[in-house]
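Below is one structure, written out as structure tokens, with a few remarks after it.
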Amino acid sequence: MKLAHRLQAIKPSPTLALNSRAKALVAKGVDVVVLAAGEPDFDTPDYVKQAAVDALRAGFTKYTPTNGIPELREAICAKLERDNGLRYTPDQVLVTSGGKQGLYNFCQAALEEGDEVIIFAPFWVSYPDMVRLAGATPVIVPTREEDGFAPDPDAIRRALTPRTRAVIINSPGNPTGAVYSRAALERIAEVLRPHDCLIVTDDIYEKLLYTDERLGISDVAPDLVPRLVVVNGMSKAYSMTGWRMGYVAGPKPLLAGMQMVQDQSTSNASSIGQKAALAALQGPPDTIAAMVKEYRERRDFFIAGLNALDGVRCRMPEGAFYAFADVRGLLGRSYKGKPVTSAMQLSEILLDDFRVAAVPGEPFGAEGYVRMSFVTSREVLQKGLARLGELVKALS
Ligand SMILES: Cc1ncc(COP(=O)(O)O)c(C=O)c1O
């Protein structure tokens, strides 16, 4: 069948392919250690569920305004002021079906053919494809682990052109879990200041933090706020991935454009979900703190276990829930007489012969790395480490 031309720029995701293979094995009853998930294993907090049940019982089941119910947009403004020091009015906020839709709407509303968007690698797999779907060009700027995966200002400078329409910042980041330091953000701000481009800050992992300080670009460069587009959502902080609740805030004309995209695609995010999101934002902060405490313990245990494996090195992530392990020390070794040359190949062997699902770094723009989530019980993590150990032993 003939498909739209714009889809030709999009590659089927190898990550999803691996995930579906892992899921198919689990469905067949195979004991797979799944470390590929991008979602918390905790259930949605009860008070959030209750708000949705109440909304359902009260018949809150009709269309809402496309941009979301006013009380939720007000609560989002309050959150942005409280947590991020950002002052927005409710007409600068769009409630979306997940942070992903916020980013997608942004791309559709702001980008066109010829535009370029700077993305720092390793990146979340969806950024480049969303940019391509809008007809624009992703410009990948690699970062180095030695720099805490923060971009080198000279590399950004070289990537900027008069066609640069936006730059995406994601801290804590997926897949690295890296949190940019104040100095790193200041350097980014300094380079971007003279360029008339938008700055998208994807703050989806902002609450999943193992350091004392996490700053946004607006904290170090308040003068750039008029060019800022904030993307966030409930998925990761409140264990609400399936609810599809997110939001975007930014300059009014841009938000109006993004709303037009949403008007003609999905309309409002789920009415019941909006009530649940409202409850989440207004709920007690200790709900998140308890989850983060558990993630931190798992992180410490899991990263230490990875670093004990010969040929594997893993940086301690300061946020999110991913271990991003450097497996280059394993590449070049042989498995069953054949050389293993890529993280992708290693992940395949890991799944097929050792029953561990991990995501290779290639789709994130990071060869020689493997991403493993630690959002699963310690017993499962322990089992995963043991199986990884078996793989390492089987390599020669
Ligand atoms: C970096 C990043 N941004 C945005 C999202 C979107 O999350 P959601 O659409 O569930 O809000 C994800 C989800 O994995 C992510 O990893």
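Chains: A, B, ... in order of the structure tokens. Residues: from 1 per chain. Ligands: from 1, in order shown.
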**Study point:** Contacts with ligand 1 at most 9 Å, only C-alpha atoms and all ligand atoms counted, listed as a ChimeraX atom specification
**Key:** /A:37-39,96-103,123-127,170-175,202-205,231-236,240-247,320
Given the selection you just returned, output its residues as a file containing N, CA and C atoms, formatted as a CSV table (one decimal), in the first residue's frame.
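Heads up, here's the output in part-v1.csv:
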```csv
chain,number,residue,atom,x,y,z
A,37,ALA,N,11.5,-1.5,30.3
A,37,ALA,CA,10.4,-0.6,30.4
A,37,ALA,C,10.7,0.9,30.6
A,38,GLY,N,9.9,1.7,30.1
A,38,GLY,CA,10.1,3.2,30.3
A,38,GLY,C,9.0,3.7,31.3
A,39,GLU,N,8.6,2.9,32.2
A,39,GLU,CA,7.5,3.3,33.1
A,39,GLU,C,7.7,2.8,34.5
A,96,THR,N,-2.6,18.0,27.5
A,96,THR,CA,-2.4,17.1,26.3
A,96,THR,C,-2.5,15.6,26.8
A,97,SER,N,-2.7,14.7,25.8
A,97,SER,CA,-2.7,13.3,26.1
A,97,SER,C,-1.3,12.8,26.2
A,98,GLY,N,-0.7,13.1,27.3
A,98,GLY,CA,0.7,12.7,27.6
A,98,GLY,C,1.7,13.9,27.1
A,99,GLY,N,2.8,13.9,27.7
A,99,GLY,CA,3.8,14.8,27.3
A,99,GLY,C,4.2,14.7,25.8
A,100,LYS,N,4.1,13.4,25.4
A,100,LYS,CA,4.4,13.1,24.0
A,100,LYS,C,3.5,13.9,23.0
A,101,GLN,N,2.2,14.0,23.3
A,101,GLN,CA,1.4,14.8,22.4
A,101,GLN,C,1.7,16.3,22.5
A,102,GLY,N,2.2,16.7,23.7
A,102,GLY,CA,2.6,18.1,23.8
A,102,GLY,C,3.8,18.4,22.8
A,103,LEU,N,4.7,17.5,22.8
A,103,LEU,CA,5.9,17.6,21.9
A,103,LEU,C,5.5,17.5,20.5
A,123,PHE,N,19.6,10.7,23.0
A,123,PHE,CA,18.3,11.4,23.1
A,123,PHE,C,17.2,10.4,23.2
A,124,TRP,N,16.0,10.9,23.6
A,124,TRP,CA,14.8,10.1,23.6
A,124,TRP,C,14.5,9.8,22.2
A,125,VAL,N,14.2,8.5,21.9
A,125,VAL,CA,14.0,8.1,20.5
A,125,VAL,C,13.0,8.9,19.7
A,126,SER,N,12.0,9.4,20.4
A,126,SER,CA,10.9,10.1,19.7
A,126,SER,C,11.2,11.5,19.1
A,127,TYR,N,12.2,12.1,19.7
A,127,TYR,CA,12.5,13.5,19.3
A,127,TYR,C,12.8,13.6,17.8
A,170,ASN,N,16.6,18.0,27.9
A,170,ASN,CA,15.9,17.0,28.6
A,170,ASN,C,16.8,16.6,29.8
A,171,SER,N,16.5,17.1,31.0
A,171,SER,CA,17.3,16.9,32.2
A,171,SER,C,16.3,16.8,33.4
A,172,PRO,N,16.3,15.7,34.1
A,172,PRO,CA,17.0,14.4,33.9
A,172,PRO,C,16.6,13.9,32.5
A,173,GLY,N,17.6,13.2,31.9
A,173,GLY,CA,17.4,12.8,30.5
A,173,GLY,C,17.1,11.3,30.4
A,174,ASN,N,16.4,10.9,29.4
A,174,ASN,CA,16.2,9.6,28.9
A,174,ASN,C,17.1,9.5,27.7
A,175,PRO,N,18.0,8.6,27.6
A,175,PRO,CA,18.3,7.4,28.4
A,175,PRO,C,19.4,7.5,29.5
A,202,ASP,N,12.0,19.5,28.2
A,202,ASP,CA,11.2,18.4,28.5
A,202,ASP,C,11.5,17.9,29.9
A,203,ASP,N,10.6,18.3,30.8
A,203,ASP,CA,10.8,18.1,32.3
A,203,ASP,C,10.2,16.9,32.8
A,204,ILE,N,9.9,15.9,32.0
A,204,ILE,CA,9.0,14.8,32.4
A,204,ILE,C,9.6,14.0,33.6
A,205,TYR,N,11.0,14.0,33.7
A,205,TYR,CA,11.6,13.2,34.8
A,205,TYR,C,12.0,14.1,36.0
A,231,VAL,N,7.5,21.2,28.6
A,231,VAL,CA,6.7,20.0,28.4
A,231,VAL,C,6.8,19.2,29.7
A,232,ASN,N,5.7,18.7,30.2
A,232,ASN,CA,5.7,17.9,31.4
A,232,ASN,C,4.5,17.0,31.4
A,233,GLY,N,4.3,16.2,32.5
A,233,GLY,CA,3.2,15.3,32.5
A,233,GLY,C,3.2,14.5,33.8
A,234,MET,N,2.1,13.7,33.9
A,234,MET,CA,1.9,12.9,35.1
A,234,MET,C,2.5,11.5,35.0
A,235,SER,N,2.9,11.1,33.8
A,235,SER,CA,3.3,9.7,33.6
A,235,SER,C,4.3,9.2,34.6
A,236,LYS,N,5.4,9.9,34.7
A,236,LYS,CA,6.6,9.3,35.4
A,236,LYS,C,6.5,9.6,36.9
A,240,MET,N,1.5,7.3,36.1
A,240,MET,CA,0.3,7.4,35.4
A,240,MET,C,0.5,7.2,33.9
A,241,THR,N,1.4,6.4,33.5
A,241,THR,CA,1.7,6.3,32.1
A,241,THR,C,0.5,5.9,31.2
A,242,GLY,N,-0.3,5.0,31.7
A,242,GLY,CA,-1.5,4.6,30.9
A,242,GLY,C,-2.6,5.7,30.8
A,243,TRP,N,-2.6,6.6,31.7
A,243,TRP,CA,-3.7,7.6,31.7
A,243,TRP,C,-3.5,8.6,30.6
A,244,ARG,N,-2.3,8.8,30.1
A,244,ARG,CA,-2.0,9.7,29.0
A,244,ARG,C,-2.4,11.2,29.4
A,245,MET,N,-1.7,11.7,30.5
A,245,MET,CA,-2.0,13.0,30.9
A,245,MET,C,-0.7,13.8,30.9
A,246,GLY,N,-0.6,14.9,30.1
A,246,GLY,CA,0.5,15.7,30.1
A,246,GLY,C,0.1,17.2,29.8
A,247,TYR,N,1.1,18.1,29.7
A,247,TYR,CA,0.8,19.5,29.5
A,247,TYR,C,2.0,20.2,28.9
A,320,ALA,N,15.8,10.2,36.8
A,320,ALA,CA,15.1,9.2,36.0
A,320,ALA,C,15.2,7.8,36.5
```
Practice item. Skip Leu35 of chain A itself and residues of its chain fewer than 2 positions away, then list as a VMD selection string all residues within 8 Å of it, counting only C-alpha atoms. Key: chain A and resid 33 37 356 to 359 372 to 376 384
Atoms to include: N, CA and C atoms. Write the selected residues as an mmCIF file, in the first residue's frame.
```
data_model
loop_
_atom_site.group_PDB
_atom_site.id
_atom_site.type_symbol
_atom_site.label_atom_id
_atom_site.label_comp_id
_atom_site.auth_asym_id
_atom_site.auth_seq_id
_atom_site.Cartn_x
_atom_site.Cartn_y
_atom_site.Cartn_z
ATOM 1 N N VAL A 33 13.590 -11.482 32.212
ATOM 2 C CA VAL A 33 13.805 -10.340 33.104
ATOM 3 C C VAL A 33 13.681 -9.088 32.231
ATOM 4 N N ALA A 37 11.541 -1.452 30.264
ATOM 5 C CA ALA A 37 10.368 -0.581 30.435
ATOM 6 C C ALA A 37 10.743 0.886 30.606
ATOM 7 N N VAL A 356 17.046 -11.737 29.118
ATOM 8 C CA VAL A 356 17.023 -10.400 29.717
ATOM 9 C C VAL A 356 16.691 -9.409 28.598
ATOM 10 N N ALA A 357 15.650 -8.603 28.814
ATOM 11 C CA ALA A 357 15.310 -7.601 27.810
ATOM 12 C C ALA A 357 15.910 -6.258 28.230
ATOM 13 N N ALA A 358 16.861 -5.787 27.442
ATOM 14 C CA ALA A 358 17.492 -4.483 27.675
ATOM 15 C C ALA A 358 17.499 -3.756 26.339
ATOM 16 N N VAL A 359 17.553 -2.438 26.374
ATOM 17 C CA VAL A 359 17.437 -1.693 25.120
ATOM 18 C C VAL A 359 18.820 -1.234 24.647
ATOM 19 N N MET A 372 19.078 0.023 30.694
ATOM 20 C CA MET A 372 18.297 -0.915 31.518
ATOM 21 C C MET A 372 17.549 -0.128 32.584
ATOM 22 N N SER A 373 16.251 -0.360 32.700
ATOM 23 C CA SER A 373 15.468 0.378 33.699
ATOM 24 C C SER A 373 15.577 -0.327 35.034
ATOM 25 N N PHE A 374 15.617 0.458 36.114
ATOM 26 C CA PHE A 374 15.605 -0.184 37.428
ATOM 27 C C PHE A 374 14.259 0.001 38.126
ATOM 28 N N VAL A 375 13.200 0.096 37.313
ATOM 29 C CA VAL A 375 11.854 0.213 37.877
ATOM 30 C C VAL A 375 11.213 -1.172 37.999
ATOM 31 N N THR A 376 11.894 -2.026 38.698
ATOM 32 C CA THR A 376 11.361 -3.354 38.949
ATOM 33 C C THR A 376 11.932 -3.811 40.293
ATOM 34 N N GLY A 384 18.454 -10.291 36.985
ATOM 35 C CA GLY A 384 18.991 -9.679 35.768
ATOM 36 C C GLY A 384 20.505 -9.606 35.835
#
```
Exercise for review: Please give the complete set of residues from segment 181-381 of chain A that DSSP, run on the backbone, assigns to strand (DSSP E or B), formatted as a PyMOL selection string.
Suggested key: chain A and resi 198-202+209+228-233+246-249+313-314+319+322-326+334-335+338-339+356-357+359-360+369-373
Atoms to include: N, CA and C atoms. Write the selected residues as a short mmCIF file (atom, residue, chain, number, x, y, z; two decimals), in the first residue's frame.
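Output below, filename out.cif:
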```cif
data_model
loop_
_atom_site.label_atom_id
_atom_site.label_comp_id
_atom_site.auth_asym_id
_atom_site.auth_seq_id
_atom_site.Cartn_x
_atom_site.Cartn_y
_atom_site.Cartn_z
N LEU A 198 13.56 28.75 19.65
CA LEU A 198 12.78 28.33 20.82
C LEU A 198 13.60 27.32 21.62
N ILE A 199 13.32 27.26 22.91
CA ILE A 199 14.03 26.28 23.75
C ILE A 199 12.96 25.40 24.40
N VAL A 200 12.97 24.14 24.02
CA VAL A 200 11.99 23.21 24.56
C VAL A 200 12.63 22.51 25.75
N THR A 201 12.00 22.59 26.90
CA THR A 201 12.54 21.87 28.05
C THR A 201 11.57 20.74 28.42
N ASP A 202 12.03 19.54 28.21
CA ASP A 202 11.21 18.36 28.49
C ASP A 202 11.52 17.93 29.92
N LEU A 209 14.53 12.29 41.09
CA LEU A 209 15.81 12.94 41.27
C LEU A 209 16.55 12.35 42.45
N LEU A 228 10.75 29.99 25.89
CA LEU A 228 10.74 28.65 26.48
C LEU A 228 9.42 27.91 26.21
N VAL A 229 9.52 26.62 25.94
CA VAL A 229 8.34 25.76 25.83
C VAL A 229 8.54 24.65 26.84
N VAL A 230 7.67 24.58 27.84
CA VAL A 230 7.83 23.60 28.91
C VAL A 230 6.92 22.41 28.64
N VAL A 231 7.51 21.22 28.61
CA VAL A 231 6.72 20.00 28.42
C VAL A 231 6.83 19.17 29.70
N ASN A 232 5.69 18.71 30.18
CA ASN A 232 5.73 17.89 31.40
C ASN A 232 4.48 17.01 31.41
N GLY A 233 4.34 16.21 32.45
CA GLY A 233 3.17 15.33 32.50
C GLY A 233 3.15 14.50 33.76
N GLY A 246 -0.65 14.90 30.11
CA GLY A 246 0.53 15.74 30.06
C GLY A 246 0.12 17.19 29.84
N TYR A 247 1.11 18.06 29.75
CA TYR A 247 0.79 19.47 29.47
C TYR A 247 2.00 20.19 28.89
N VAL A 248 1.69 21.32 28.27
CA VAL A 248 2.72 22.19 27.71
C VAL A 248 2.39 23.62 28.12
N ALA A 249 3.42 24.42 28.35
CA ALA A 249 3.22 25.84 28.62
C ALA A 249 4.24 26.61 27.80
N ARG A 313 30.62 -0.84 32.36
CA ARG A 313 30.84 0.35 33.19
C ARG A 313 29.57 1.16 33.19
N CYS A 314 29.13 1.57 34.35
CA CYS A 314 27.89 2.35 34.33
C CYS A 314 27.99 3.56 35.24
N GLY A 319 19.17 11.13 37.93
CA GLY A 319 17.71 11.24 37.87
C GLY A 319 17.14 10.16 36.97
N TYR A 322 16.87 5.01 34.71
CA TYR A 322 17.59 4.20 33.73
C TYR A 322 19.07 4.07 34.09
N ALA A 323 19.59 2.85 33.95
CA ALA A 323 21.03 2.65 33.99
C ALA A 323 21.47 2.66 32.53
N PHE A 324 22.43 3.51 32.21
CA PHE A 324 22.89 3.59 30.83
C PHE A 324 24.33 3.08 30.82
N ALA A 325 24.45 1.78 30.53
CA ALA A 325 25.73 1.11 30.75
C ALA A 325 26.58 1.12 29.49
N ASP A 326 27.84 1.44 29.68
CA ASP A 326 28.82 1.40 28.61
C ASP A 326 29.29 -0.06 28.48
N SER A 334 33.92 -12.72 21.56
CA SER A 334 33.14 -13.63 20.71
C SER A 334 32.08 -14.37 21.52
N TYR A 335 30.98 -14.65 20.84
CA TYR A 335 29.95 -15.46 21.46
C TYR A 335 29.62 -16.60 20.50
N LYS A 338 31.37 -16.34 17.23
CA LYS A 338 31.20 -15.17 16.34
C LYS A 338 31.47 -13.88 17.12
N PRO A 339 32.14 -12.90 16.50
CA PRO A 339 32.42 -11.67 17.23
C PRO A 339 31.14 -10.85 17.49
N VAL A 356 17.05 -11.74 29.12
CA VAL A 356 17.02 -10.40 29.72
C VAL A 356 16.69 -9.41 28.60
N ALA A 357 15.65 -8.60 28.81
CA ALA A 357 15.31 -7.60 27.81
C ALA A 357 15.91 -6.26 28.23
N VAL A 359 17.55 -2.44 26.37
CA VAL A 359 17.44 -1.69 25.12
C VAL A 359 18.82 -1.23 24.65
N PRO A 360 19.20 -1.59 23.42
CA PRO A 360 20.51 -1.16 22.93
C PRO A 360 20.55 0.35 22.71
N TYR A 369 26.33 1.37 24.09
CA TYR A 369 25.64 1.47 25.37
C TYR A 369 24.38 0.62 25.37
N VAL A 370 23.94 0.26 26.57
CA VAL A 370 22.68 -0.47 26.71
C VAL A 370 21.89 0.21 27.84
N ARG A 371 20.61 0.42 27.60
CA ARG A 371 19.77 1.04 28.64
C ARG A 371 18.96 -0.02 29.37
N MET A 372 19.08 0.02 30.69
CA MET A 372 18.30 -0.92 31.52
C MET A 372 17.55 -0.13 32.58
N SER A 373 16.25 -0.36 32.70
CA SER A 373 15.47 0.38 33.70
C SER A 373 15.58 -0.33 35.03
#
```
Review point. Given the choices A:Lys275, A:Arg378, A:Lys383, A:Arg6, which gets closest to Asp54 of chain A if the distance is worked out from only C-alpha atoms?
Key: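 Among A:Lys275, A:Arg378, A:Lys383, A:Arg6, it is A:Lys275 that comes nearest to Asp54 of chain A.
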List as a short mmCIF file (atom, residue, chain, number, x, y, z; two decimals) with N, CA, C and O atoms, in the first residue's frame the protein and nucleic acid residues near Val340 of chain A, meaning an atom at most 12 Å away when only C-alpha atoms are counted, but skip any in the same chain fewer than 2 places from it.
```
data_model
loop_
_atom_site.label_atom_id
_atom_site.label_comp_id
_atom_site.auth_asym_id
_atom_site.auth_seq_id
_atom_site.Cartn_x
_atom_site.Cartn_y
_atom_site.Cartn_z
N VAL A 327 28.96 -0.68 27.36
CA VAL A 327 29.32 -2.10 27.18
C VAL A 327 30.40 -2.26 26.12
O VAL A 327 30.63 -3.37 25.62
N ARG A 328 31.10 -1.17 25.82
CA ARG A 328 32.13 -1.26 24.78
C ARG A 328 33.23 -2.25 25.17
O ARG A 328 33.87 -2.84 24.32
N GLY A 329 33.39 -2.42 26.50
CA GLY A 329 34.38 -3.39 26.98
C GLY A 329 34.03 -4.83 26.61
O GLY A 329 34.89 -5.72 26.67
N LEU A 330 32.78 -5.06 26.23
CA LEU A 330 32.37 -6.42 25.85
C LEU A 330 32.43 -6.62 24.33
O LEU A 330 32.48 -7.76 23.85
N LEU A 331 32.38 -5.50 23.61
CA LEU A 331 32.35 -5.62 22.15
C LEU A 331 33.72 -6.06 21.65
O LEU A 331 34.75 -5.70 22.22
N GLY A 332 33.67 -6.86 20.60
CA GLY A 332 34.93 -7.41 20.09
C GLY A 332 35.18 -8.81 20.65
O GLY A 332 35.94 -9.58 20.09
N ARG A 333 34.53 -9.14 21.78
CA ARG A 333 34.65 -10.51 22.28
C ARG A 333 33.74 -11.42 21.42
O ARG A 333 32.88 -10.90 20.69
N SER A 334 33.92 -12.72 21.56
CA SER A 334 33.14 -13.63 20.71
C SER A 334 32.08 -14.37 21.52
O SER A 334 32.29 -14.66 22.70
N TYR A 335 30.98 -14.65 20.84
CA TYR A 335 29.95 -15.46 21.46
C TYR A 335 29.62 -16.60 20.50
O TYR A 335 29.31 -16.35 19.32
N LYS A 336 29.71 -17.81 20.98
CA LYS A 336 29.52 -19.00 20.14
C LYS A 336 30.34 -18.91 18.86
O LYS A 336 29.84 -19.13 17.76
N GLY A 337 31.57 -18.44 19.01
CA GLY A 337 32.50 -18.39 17.89
C GLY A 337 32.36 -17.18 16.97
O GLY A 337 33.14 -17.03 16.04
N LYS A 338 31.37 -16.34 17.23
CA LYS A 338 31.20 -15.17 16.34
C LYS A 338 31.47 -13.88 17.12
O LYS A 338 31.03 -13.77 18.28
N SER A 342 28.25 -5.04 18.22
CA SER A 342 27.41 -3.88 18.53
C SER A 342 26.54 -4.14 19.76
O SER A 342 26.29 -5.30 20.11
N ALA A 343 26.09 -3.05 20.37
CA ALA A 343 25.20 -3.17 21.53
C ALA A 343 23.88 -3.82 21.10
O ALA A 343 23.26 -4.56 21.87
N MET A 344 23.48 -3.55 19.86
CA MET A 344 22.25 -4.15 19.34
C MET A 344 22.36 -5.68 19.32
O MET A 344 21.47 -6.39 19.77
N GLN A 345 23.50 -6.15 18.80
CA GLN A 345 23.73 -7.60 18.73
C GLN A 345 23.79 -8.19 20.15
O GLN A 345 23.21 -9.25 20.41
N LEU A 346 24.44 -7.45 21.05
CA LEU A 346 24.56 -7.90 22.43
C LEU A 346 23.17 -8.02 23.07
O LEU A 346 22.86 -9.00 23.75
N SER A 347 22.30 -7.04 22.80
CA SER A 347 20.95 -7.06 23.38
C SER A 347 20.15 -8.23 22.84
O SER A 347 19.34 -8.82 23.55
N GLU A 348 20.40 -8.56 21.56
CA GLU A 348 19.69 -9.70 20.97
C GLU A 348 20.10 -11.01 21.64
O GLU A 348 19.28 -11.84 21.97
N ILE A 349 21.42 -11.16 21.82
CA ILE A 349 21.94 -12.37 22.48
C ILE A 349 21.38 -12.45 23.90
O ILE A 349 20.93 -13.49 24.37
N LEU A 350 21.37 -11.29 24.54
CA LEU A 350 20.90 -11.20 25.93
C LEU A 350 19.45 -11.68 26.03
O LEU A 350 19.08 -12.42 26.94
N GLY A 368 27.37 1.42 21.58
CA GLY A 368 28.22 0.89 22.65
C GLY A 368 27.60 0.99 24.04
O GLY A 368 28.27 0.75 25.04
N LEU A 391 26.18 -14.01 30.79
CA LEU A 391 26.52 -13.59 29.42
C LEU A 391 28.01 -13.21 29.37
O LEU A 391 28.73 -13.64 28.46
N VAL A 392 28.44 -12.41 30.34
CA VAL A 392 29.84 -11.97 30.34
C VAL A 392 30.77 -13.20 30.36
O VAL A 392 31.77 -13.24 29.65
N ALA A 394 30.13 -16.10 29.21
CA ALA A 394 30.03 -16.86 27.96
C ALA A 394 30.79 -16.19 26.81
O ALA A 394 30.94 -16.76 25.72
N LEU A 395 31.22 -14.94 27.02
CA LEU A 395 31.96 -14.24 25.96
C LEU A 395 33.45 -14.57 26.10
O LEU A 395 33.95 -14.67 27.21
N SER A 396 34.12 -14.71 24.95
CA SER A 396 35.55 -15.01 25.08
C SER A 396 36.36 -14.09 24.18
O SER A 396 35.85 -13.51 23.24
#
```
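Neighbours of Ala9 of chain A closer than or equal to 12 Å, with only C-alpha atoms counted and sequence neighbours fewer than 3 positions away skipped, come out as Leu3, Ala4, His5, Arg6, Pro12, Pro128, Asp129, Met130, Val131, Arg132, Leu133, Ala134, Gly135, Ala136, Thr137 and Pro138 of chain A.
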Output C-alpha atoms for every residue in the selection just made, as an mmCIF file, in the first residue's frame.
```cif
data_model
loop_
_atom_site.group_PDB
_atom_site.id
_atom_site.type_symbol
_atom_site.label_atom_id
_atom_site.label_comp_id
_atom_site.auth_asym_id
_atom_site.auth_seq_id
_atom_site.Cartn_x
_atom_site.Cartn_y
_atom_site.Cartn_z
ATOM 1 C CA LEU A 3 1.805 5.449 2.383
ATOM 2 C CA ALA A 4 2.306 9.162 2.838
ATOM 3 C CA HIS A 5 5.685 10.406 1.733
ATOM 4 C CA ARG A 6 6.481 11.913 5.127
ATOM 5 C CA PRO A 12 10.501 1.472 12.451
ATOM 6 C CA PRO A 128 14.073 13.086 15.859
ATOM 7 C CA ASP A 129 11.077 11.306 14.362
ATOM 8 C CA MET A 130 8.590 13.873 15.621
ATOM 9 C CA VAL A 131 10.727 16.592 14.066
ATOM 10 C CA ARG A 132 10.866 14.632 10.786
ATOM 11 C CA LEU A 133 7.112 14.062 10.793
ATOM 12 C CA ALA A 134 6.726 17.838 10.834
ATOM 13 C CA GLY A 135 8.936 18.025 7.733
ATOM 14 C CA ALA A 136 11.859 19.579 9.609
ATOM 15 C CA THR A 137 15.386 18.249 10.153
ATOM 16 C CA PRO A 138 16.827 16.981 13.427
#
```
Exercise for review: With a distance cut-off of 9 Å and only C-alpha atoms, select the neighbouring residues of Glu186 of chain A, excluding the residue or stretch itself and same-chain residues fewer than 3 positions from it, and output the selection as JSON, numbers by chain.
Suggested key: {"A": [181, 182, 183, 189, 190, 191, 217, 220, 221]}
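Considering only C-alpha atoms, the residue among A:Ser377, A:Gln282, A:Ser239, A:Asn105 positioned nearest to Cys77 of chain A is A:Gln282.
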Review point. Can you list, as a ChimeraX atom specification, every protein, DNA or RNA residue that comes within 10 Å of Leu192 of chain A when you count only C-alpha atoms, leaving out same-chain residues fewer than 2 positions away?
Key: /A:153,156-157,160,166-167,186-190,194-199,224
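Distances from A:Ala280, A:Ala237, A:Lys28, A:Lys252 to Val93 of chain A were compared using only C-alpha atoms, and the smallest one belongs to A:Lys252.
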Practice item. Output as number ranges by chain all residues of segment 276-377 of chain A that backbone DSSP marks as alpha helix (DSSP H). Key: A: 276-282, 286-307, 343-354
Revision key, fill the gap. Using only C-alpha atoms, the residue out of A:Glu362, A:Asp154, A:Glu206, A:Glu379 with shortest distance to Pro122 of chain A is A:Glu362
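Residue nearest Phe364 of chain A, chosen from A:Leu381, A:Ala289, A:Ala150, A:Ala121 and counting only C-alpha atoms: A:Ala121.
Closest approach to Ala277 of chain A among A:Leu86, A:Val95, A:Ala22, A:Ala17: A:Val95, based on only C-alpha atoms.
With atom CA of Ala51 of chain A on one side and atom CA of Val292 of chain A on the other, the separation reads 22.9 Å.
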